[in-house]
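As stored in data_38.csv (CSV, C-alpha atoms):
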chain,number,residue,atom,x,y,z
V,1,MET,CA,6.1,5.6,6.5
V,2,LYS,CA,9.7,6.1,5.1
V,3,ALA,CA,9.4,3.9,2.1
V,4,ILE,CA,6.0,5.3,1.1
V,5,ASN,CA,6.6,9.0,1.8
V,6,GLY,CA,10.1,8.8,0.2
V,7,LEU,CA,9.6,6.5,-2.8
V,8,LEU,CA,5.9,6.0,-3.3
V,9,THR,CA,4.5,9.4,-2.2
V,10,ILE,CA,0.7,9.4,-2.0
V,11,GLY,CA,-1.3,12.6,-2.7
V,12,LYS,CA,-4.7,13.5,-1.1
V,13,GLY,CA,-7.5,11.8,-3.0
V,14,GLN,CA,-5.2,9.1,-4.4
V,15,ARG,CA,-6.4,5.5,-4.6
V,16,VAL,CA,-3.7,2.9,-3.9
V,17,GLY,CA,-3.7,-0.9,-3.6
V,18,LEU,CA,-1.6,-2.8,-1.1
V,19,MET,CA,-0.9,-6.1,-2.9
V,20,ALA,CA,0.3,-9.0,-0.7
V,21,GLY,CA,-0.1,-12.7,0.2
V,22,SER,CA,-1.3,-13.8,3.6
V,23,GLY,CA,0.9,-13.2,6.6
V,24,VAL,CA,3.4,-10.7,5.3
V,25,GLY,CA,2.4,-7.7,7.4
V,26,LYS,CA,-0.6,-6.0,5.7
V,27,SER,CA,-2.5,-5.4,8.9
V,28,VAL,CA,0.5,-4.1,10.8
V,29,LEU,CA,1.3,-1.7,7.9
V,30,LEU,CA,-2.3,-0.4,7.9
V,31,GLY,CA,-2.1,0.1,11.7
V,32,MET,CA,1.1,2.1,11.3
V,33,ILE,CA,-0.5,4.3,8.6
V,34,THR,CA,-3.6,4.9,10.7
V,35,ARG,CA,-1.6,6.0,13.8
V,36,GLN,CA,0.7,8.3,11.9
V,37,THR,CA,-1.5,9.9,9.3
V,38,LYS,CA,-2.4,13.6,9.5
V,39,ALA,CA,-5.9,12.9,8.1
V,40,ASP,CA,-8.8,14.4,10.0
V,41,ILE,CA,-10.8,11.2,10.0
V,42,VAL,CA,-9.8,7.6,9.3
V,43,VAL,CA,-12.4,5.1,8.1
V,44,VAL,CA,-11.3,1.4,8.4
V,45,GLY,CA,-13.2,-1.4,6.8
V,46,LEU,CA,-12.3,-4.9,8.0
V,47,ILE,CA,-14.1,-7.2,5.5
V,48,GLY,CA,-14.1,-11.0,5.6
V,49,GLU,CA,-11.3,-11.2,8.2
V,50,ARG,CA,-11.1,-13.7,11.1
V,51,GLY,CA,-12.7,-12.5,14.3
V,52,ARG,CA,-9.5,-12.9,16.3
V,53,GLU,CA,-7.6,-10.9,13.7
V,54,VAL,CA,-10.2,-8.1,13.9
V,55,LYS,CA,-9.8,-7.8,17.7
V,56,GLU,CA,-6.0,-7.9,17.4
V,57,PHE,CA,-6.0,-5.2,14.8
V,58,ILE,CA,-8.2,-2.9,16.9
V,59,ASP,CA,-6.4,-3.5,20.2
V,60,HIS,CA,-2.8,-3.7,19.0
V,61,SER,CA,-2.3,-2.4,15.4
V,62,LEU,CA,-4.6,0.6,15.8
V,63,GLY,CA,-4.1,1.2,19.5
V,64,ALA,CA,-5.6,4.0,21.5
V,65,ASP,CA,-4.0,6.7,19.4
V,66,GLY,CA,-5.2,5.3,16.1
V,67,LEU,CA,-8.7,4.5,17.4
V,68,ALA,CA,-9.2,8.1,18.7
V,69,LYS,CA,-9.8,9.4,15.2
V,70,SER,CA,-11.0,6.3,13.5
V,71,ILE,CA,-14.4,4.8,12.5
V,72,VAL,CA,-14.2,1.0,12.2
V,73,VAL,CA,-16.7,-1.0,10.1
V,74,VAL,CA,-16.4,-4.8,10.6
V,75,ALA,CA,-17.9,-7.6,8.7
V,76,PRO,CA,-15.9,-10.8,9.7
V,77,ALA,CA,-15.7,-14.0,7.7
V,78,ASP,CA,-18.7,-15.6,9.3
V,79,GLU,CA,-21.1,-12.9,8.1
V,80,SER,CA,-23.2,-13.4,5.0
V,81,PRO,CA,-21.7,-12.4,1.7
V,82,LEU,CA,-24.4,-9.7,1.4
V,83,MET,CA,-23.4,-8.2,4.7
V,84,ARG,CA,-19.7,-8.2,3.6
V,85,LEU,CA,-20.7,-6.5,0.4
V,86,LYS,CA,-22.8,-3.8,2.1
V,87,ALA,CA,-20.2,-3.2,4.8
V,88,THR,CA,-17.6,-2.3,2.1
V,89,GLU,CA,-20.0,0.1,0.5
V,90,LEU,CA,-20.9,1.6,3.9
V,91,CYS,CA,-17.2,2.4,4.5
V,92,HIS,CA,-17.2,4.5,1.3
V,93,SER,CA,-20.5,6.2,2.2
V,94,ILE,CA,-19.2,7.2,5.6
V,95,ALA,CA,-15.9,8.5,4.1
V,96,ALA,CA,-17.7,10.4,1.4
V,97,TRP,CA,-20.0,12.0,3.9
V,98,PHE,CA,-17.1,13.5,5.8
V,99,ARG,CA,-15.2,14.4,2.6
V,100,ASP,CA,-18.2,16.3,1.3
V,101,ARG,CA,-18.2,18.4,4.5
V,102,GLY,CA,-14.6,19.6,4.0
V,103,HIS,CA,-12.7,16.9,6.0
V,104,HIS,CA,-9.6,15.2,4.8
V,105,VAL,CA,-10.4,11.5,5.1
V,106,LEU,CA,-8.3,8.4,4.9
V,107,LEU,CA,-10.2,5.2,3.9
V,108,LEU,CA,-8.6,1.8,4.6
V,109,VAL,CA,-10.3,-1.3,3.3
V,110,ASP,CA,-9.0,-4.8,4.2
V,111,SER,CA,-9.7,-6.3,1.8
V,112,LEU,CA,-10.9,-5.7,-1.7
V,113,THR,CA,-10.4,-9.4,-2.5
V,114,ARG,CA,-13.0,-10.4,0.2
V,115,TYR,CA,-15.4,-7.9,-1.4
V,116,ALA,CA,-15.0,-9.6,-4.8
V,117,MET,CA,-15.3,-13.0,-3.1
V,118,ALA,CA,-18.6,-11.9,-1.5
V,119,GLN,CA,-19.9,-10.9,-4.9
V,120,ARG,CA,-18.8,-14.2,-6.4
V,121,GLU,CA,-20.8,-16.1,-3.8
V,122,ILE,CA,-23.9,-14.1,-4.5
V,123,ALA,CA,-23.6,-14.1,-8.2
V,124,LEU,CA,-22.9,-17.9,-8.5
V,125,SER,CA,-25.9,-18.6,-6.3
V,126,LEU,CA,-28.1,-16.5,-8.6
V,127,GLY,CA,-26.8,-18.5,-11.6
V,128,GLU,CA,-24.3,-16.1,-13.1
V,129,PRO,CA,-21.7,-18.0,-15.1
V,130,PRO,CA,-18.2,-18.1,-13.7
V,131,ALA,CA,-15.3,-16.6,-15.6
V,132,THR,CA,-11.6,-16.2,-14.5
V,133,LYS,CA,-10.8,-18.3,-11.4
V,134,GLY,CA,-14.5,-18.7,-10.7
V,135,TYR,CA,-15.2,-14.9,-10.5
V,136,PRO,CA,-18.3,-13.8,-12.4
V,137,PRO,CA,-18.1,-10.8,-14.8
V,138,SER,CA,-20.1,-8.7,-12.2
V,139,ALA,CA,-17.2,-9.0,-9.7
V,140,PHE,CA,-14.8,-7.3,-12.1
V,141,GLY,CA,-17.5,-4.7,-13.0
V,142,MET,CA,-18.1,-3.7,-9.3
V,143,ILE,CA,-14.5,-3.0,-8.4
V,144,PRO,CA,-14.0,0.0,-10.7
V,145,LYS,CA,-17.4,1.4,-9.6
V,146,LEU,CA,-16.4,1.1,-5.9
V,147,VAL,CA,-12.9,2.5,-6.4
V,148,GLU,CA,-14.2,5.5,-8.4
V,149,SER,CA,-16.4,6.6,-5.5
V,150,ALA,CA,-13.2,7.5,-3.6
V,151,GLY,CA,-11.0,10.5,-4.5
V,152,ASN,CA,-11.5,14.2,-4.3
V,153,SER,CA,-14.8,16.1,-4.8
V,154,GLU,CA,-15.7,19.7,-5.6
V,155,SER,CA,-15.7,20.5,-1.9
V,156,ALA,CA,-12.5,21.4,0.0
V,157,GLY,CA,-12.3,17.9,1.4
V,158,SER,CA,-10.5,14.8,0.2
V,159,MET,CA,-10.9,11.0,0.4
V,160,THR,CA,-7.6,9.1,0.1
V,161,ALA,CA,-8.2,5.3,-0.2
V,162,ILE,CA,-5.9,2.4,0.5
V,163,TYR,CA,-7.2,-1.1,-0.4
V,164,THR,CA,-5.4,-4.3,0.5
V,165,VAL,CA,-5.6,-6.9,-2.3
V,166,LEU,CA,-4.9,-10.5,-1.3
V,167,ALA,CA,-2.6,-12.2,-3.9
V,168,GLU,CA,-3.6,-15.8,-3.5
V,169,GLY,CA,-0.5,-18.0,-3.5
V,170,ASP,CA,1.6,-14.8,-3.8
V,171,ASP,CA,0.5,-14.6,-7.4
V,172,GLN,CA,0.8,-11.0,-8.6
V,173,GLN,CA,-1.1,-12.1,-11.8
V,174,ASP,CA,-4.2,-13.1,-9.8
V,175,PRO,CA,-7.3,-11.7,-11.6
V,176,ILE,CA,-8.5,-9.5,-8.7
V,177,VAL,CA,-4.9,-8.1,-8.3
V,178,ASP,CA,-4.7,-7.5,-12.0
V,179,CYS,CA,-8.1,-5.8,-12.1
V,180,ALA,CA,-7.3,-3.6,-9.1
V,181,ARG,CA,-3.9,-2.6,-10.5
V,182,ALA,CA,-5.6,-1.4,-13.7
V,183,VAL,CA,-8.1,0.9,-11.9
V,184,LEU,CA,-6.0,2.2,-9.0
V,185,ASP,CA,-3.6,5.2,-8.9
V,186,GLY,CA,-0.7,3.1,-7.7
V,187,HIS,CA,0.2,-0.1,-6.0
V,188,ILE,CA,2.4,-1.1,-3.1
V,189,VAL,CA,3.7,-4.7,-3.3
V,190,LEU,CA,4.6,-6.6,-0.1
V,191,THR,CA,6.7,-9.8,-0.7
V,192,ARG,CA,7.1,-12.9,1.4
V,193,LYS,CA,10.8,-13.0,0.6
V,194,LEU,CA,11.4,-9.7,2.4
V,195,ALA,CA,9.1,-10.7,5.3
V,196,GLU,CA,10.9,-14.0,5.8
V,197,ALA,CA,14.2,-12.1,6.0
V,198,GLY,CA,12.8,-9.9,8.8
V,199,HIS,CA,12.6,-6.8,6.6
V,200,TYR,CA,9.6,-4.8,7.7
V,201,PRO,CA,7.6,-3.3,6.2
V,202,ALA,CA,8.2,-5.9,3.4
V,203,ILE,CA,7.7,-3.4,0.6
V,204,ASP,CA,9.3,-4.3,-2.7
V,205,ILE,CA,10.1,-0.8,-4.1
V,206,GLY,CA,11.0,-2.3,-7.5
V,207,GLN,CA,7.5,-3.7,-8.1
V,208,SER,CA,5.6,-0.8,-6.4
V,209,ILE,CA,4.6,2.6,-8.0
V,210,SER,CA,2.7,5.7,-7.1
V,211,ARG,CA,1.3,7.2,-10.3
V,212,CYS,CA,0.7,10.6,-8.7
V,213,MET,CA,4.1,11.0,-7.1
V,214,ASN,CA,5.4,13.4,-9.7
V,215,GLN,CA,2.4,15.7,-9.2
V,216,VAL,CA,2.9,16.0,-5.4
V,217,THR,CA,6.7,16.1,-5.0
V,218,SER,CA,9.5,18.4,-5.9
V,219,LEU,CA,12.0,17.7,-8.7
V,220,GLU,CA,14.8,17.3,-6.1
V,221,HIS,CA,12.7,14.7,-4.3
V,222,GLN,CA,12.0,12.8,-7.5
V,223,GLN,CA,15.7,12.7,-8.5
V,224,SER,CA,16.8,11.4,-5.0
V,225,ALA,CA,14.1,8.8,-5.0
V,226,ARG,CA,15.0,7.7,-8.6
V,227,ALA,CA,18.7,7.4,-7.6
V,228,LEU,CA,17.8,5.2,-4.6
V,229,LYS,CA,15.7,2.9,-6.7
V,230,GLN,CA,18.4,2.6,-9.3
V,231,ASN,CA,21.0,1.7,-6.7
V,232,TYR,CA,18.6,-0.7,-5.1
V,233,ALA,CA,17.9,-2.4,-8.4
V,234,ALA,CA,21.6,-2.6,-9.3
V,235,TYR,CA,22.4,-4.3,-6.0
V,236,MET,CA,19.6,-6.8,-6.2
V,237,GLU,CA,20.8,-7.8,-9.7
V,238,ILE,CA,24.4,-8.5,-8.5
V,239,LYS,CA,23.4,-9.9,-5.0
V,240,PRO,CA,23.2,-13.6,-6.1
V,241,LEU,CA,26.7,-13.4,-7.5
V,242,ILE,CA,28.4,-12.0,-4.4
V,243,PRO,CA,28.6,-15.3,-2.3
V,244,LEU,CA,29.9,-17.1,-5.4
V,245,GLY,CA,32.7,-14.6,-6.0
V,246,GLY,CA,31.1,-13.3,-9.2
V,247,TYR,CA,31.4,-9.7,-8.1
V,248,VAL,CA,34.7,-8.0,-8.6
V,249,ALA,CA,35.2,-4.5,-7.1
V,250,GLY,CA,36.3,-1.9,-9.7
V,251,ALA,CA,34.8,-3.6,-12.7
V,252,ASP,CA,31.7,-1.4,-12.8
V,253,ALA,CA,31.6,1.9,-10.9
V,254,SER,CA,27.8,2.0,-10.7
V,255,VAL,CA,27.7,-1.5,-9.2
V,256,ASP,CA,30.4,-0.6,-6.7
V,257,LYS,CA,28.3,2.4,-5.6
V,258,ALA,CA,25.2,0.2,-5.3
V,259,VAL,CA,27.1,-2.3,-3.1
V,260,LYS,CA,28.5,0.5,-0.9
V,261,MET,CA,25.2,2.2,-0.5
V,262,PHE,CA,23.0,-0.8,0.1
V,263,PRO,CA,23.4,-1.0,3.9
V,264,ALA,CA,22.2,2.7,4.1
V,265,ILE,CA,19.4,2.0,1.7
V,266,GLU,CA,18.2,-1.0,3.7
V,267,ARG,CA,18.2,1.1,6.9
V,268,PHE,CA,16.1,3.7,5.2
V,269,LEU,CA,13.6,1.1,4.0
V,270,ARG,CA,13.2,-0.6,7.3
V,271,GLN,CA,10.9,0.9,10.0
V,272,GLU,CA,9.9,-0.1,13.5
V,273,MET,CA,6.1,-0.4,14.2
V,274,ARG,CA,5.9,2.7,16.3
V,275,GLU,CA,8.7,4.7,14.6
V,276,PRO,CA,7.4,8.1,13.3
V,277,ALA,CA,8.6,9.4,9.9
V,278,SER,CA,7.2,12.7,8.7
V,279,LEU,CA,7.4,13.7,5.0
V,280,GLU,CA,9.9,16.4,5.8
V,281,LEU,CA,12.2,14.0,7.8
V,282,VAL,CA,12.1,11.5,5.0
V,283,GLN,CA,12.9,14.1,2.3
V,284,SER,CA,15.9,15.3,4.3
V,285,ARG,CA,17.2,11.7,4.7
V,286,LEU,CA,16.8,11.1,1.0
V,287,GLN,CA,18.8,14.2,0.2
V,288,ILE,CA,21.6,13.1,2.6
V,289,LEU,CA,21.7,9.6,1.0
V,290,PHE,CA,21.4,10.8,-2.6
V,291,PRO,CA,21.9,14.6,-3.2
V,292,CYS,CA,20.1,15.6,-6.3
V,293,ALA,CA,22.1,16.8,-9.3
V,294,LYS,CA,21.1,20.4,-8.8
V,295,LYS,CA,22.3,20.6,-5.2
V,296,ALA,CA,25.4,18.5,-6.0
V,297,GLU,CA,26.5,21.2,-8.5
V,298,GLN,CA,26.0,23.9,-5.9

Would you put the structure from the file into structure tokens?
Amino acid sequence: MKAINGLLTIGKGQRVGLMAGSGVGKSVLLGMITRQTKADIVVVGLIGERGREVKEFIDHSLGADGLAKSIVVVAPADESPLMRLKATELCHSIAAWFRDRGHHVLLLVDSLTRYAMAQREIALSLGEPPATKGYPPSAFGMIPKLVESAGNSESAGSMTAIYTVLAEGDDQQDPIVDCARAVLDGHIVLTRKLAEAGHYPAIDIGQSISRCMNQVTSLEHQQSARALKQNYAAYMEIKPLIPLGGYVAGADASVDKAVKMFPAIERFLRQEMREPASLELVQSRLQILFPCAKKAEQ
């Protein structure tokens, strides 16, 4: 993934949240990651999803290439809340088993919100008092425990986890989104505005972050990524004024550069469903777009 490899680089053993509302391309993005990852084993947990969506994800988003190295655990929406809860934990147990035997494992769970909802159903039926948005305290206590079971171990293996988190009503302050953001090593935000504009993957790089990026990338990569983000942010700030004639070329050199570079930035951030993009390719494209200061001096 160009946007992820280039601007939100994920290291082995990192735990990341994919925050998004419904219908903005979470499942398609997960399918792209599954097909193109270099992980030895991919464990996919489809928790609380519609049965039709499960079949569509396996047949189309995953495809034969993705399915060849994947283990898929499914607990659709019509299963009991206890089954959905245990299916999520089973995904982690399977991934941990392979990790402890020296394999590099990618764990994808769709979604962490359905896991919390299952716990809410169980807890409320047992008489636990509701808290924020009807979620009981136990739901917020189980998420960190589940997430902490992912990551690297003392063996040579690794377990990288990506959790989708459903932002109900596109609310990024949803309690489950907020809880997940606090315990994860980064978050990737998908926005409906980008999806409606036909921009896929609909990743908002301004709201997204990878907390481990600086530990797994070179200084040159970080400088180029930072320059792209700065130009992207400068353009998005001036964008509403352009149709109104509020932007005057020559008034601000940094804004002029952002306006000039935006078409190339947008091409970099877009990616077709079956378009490959290795880390090396992405790094070279970043260097072409925004040469780092060290190389520029040379």

Please list as a list of chain:residue names every residue within 8 Å of stretch 126-141 of chain V, counting only C-alpha atoms and excluding residues in the same chain fewer than 3 positions away.
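Here the qualifying residues turn out to be V:Ala116, V:Met117, V:Gln119, V:Arg120, V:Ile122, V:Ala123, V:Pro144, V:Lys145, V:Pro175, V:Ile176, V:Cys179.
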
If you count all atoms listed in the file, which residues fall within 9 Å of stretch 235-245 of chain V, apart from same-chain ones fewer than 3 positions away, as JSON, numbers by chain?
{"V": [230, 231, 232, 248, 255, 256, 257, 258, 259, 261, 262]}

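For the residues V:Val282, V:Ala96, V:Leu85, V:Leu194, ranking by smallest atom-to-atom distance to V:Ile143 using only C-alpha atoms places V:Leu85 first.
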
Nearest to V:Ile33, chosen from V:Glu275, V:Ala253, V:Ala87, V:Arg192, with only C-alpha atoms counted in the distances
V:Glu275

Closest to V:Leu219 among V:Gln283, V:Ser149, V:Thr88, V:Ser61, using all atoms listed in the file?
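Nearest to V:Leu219: V:Gln283.
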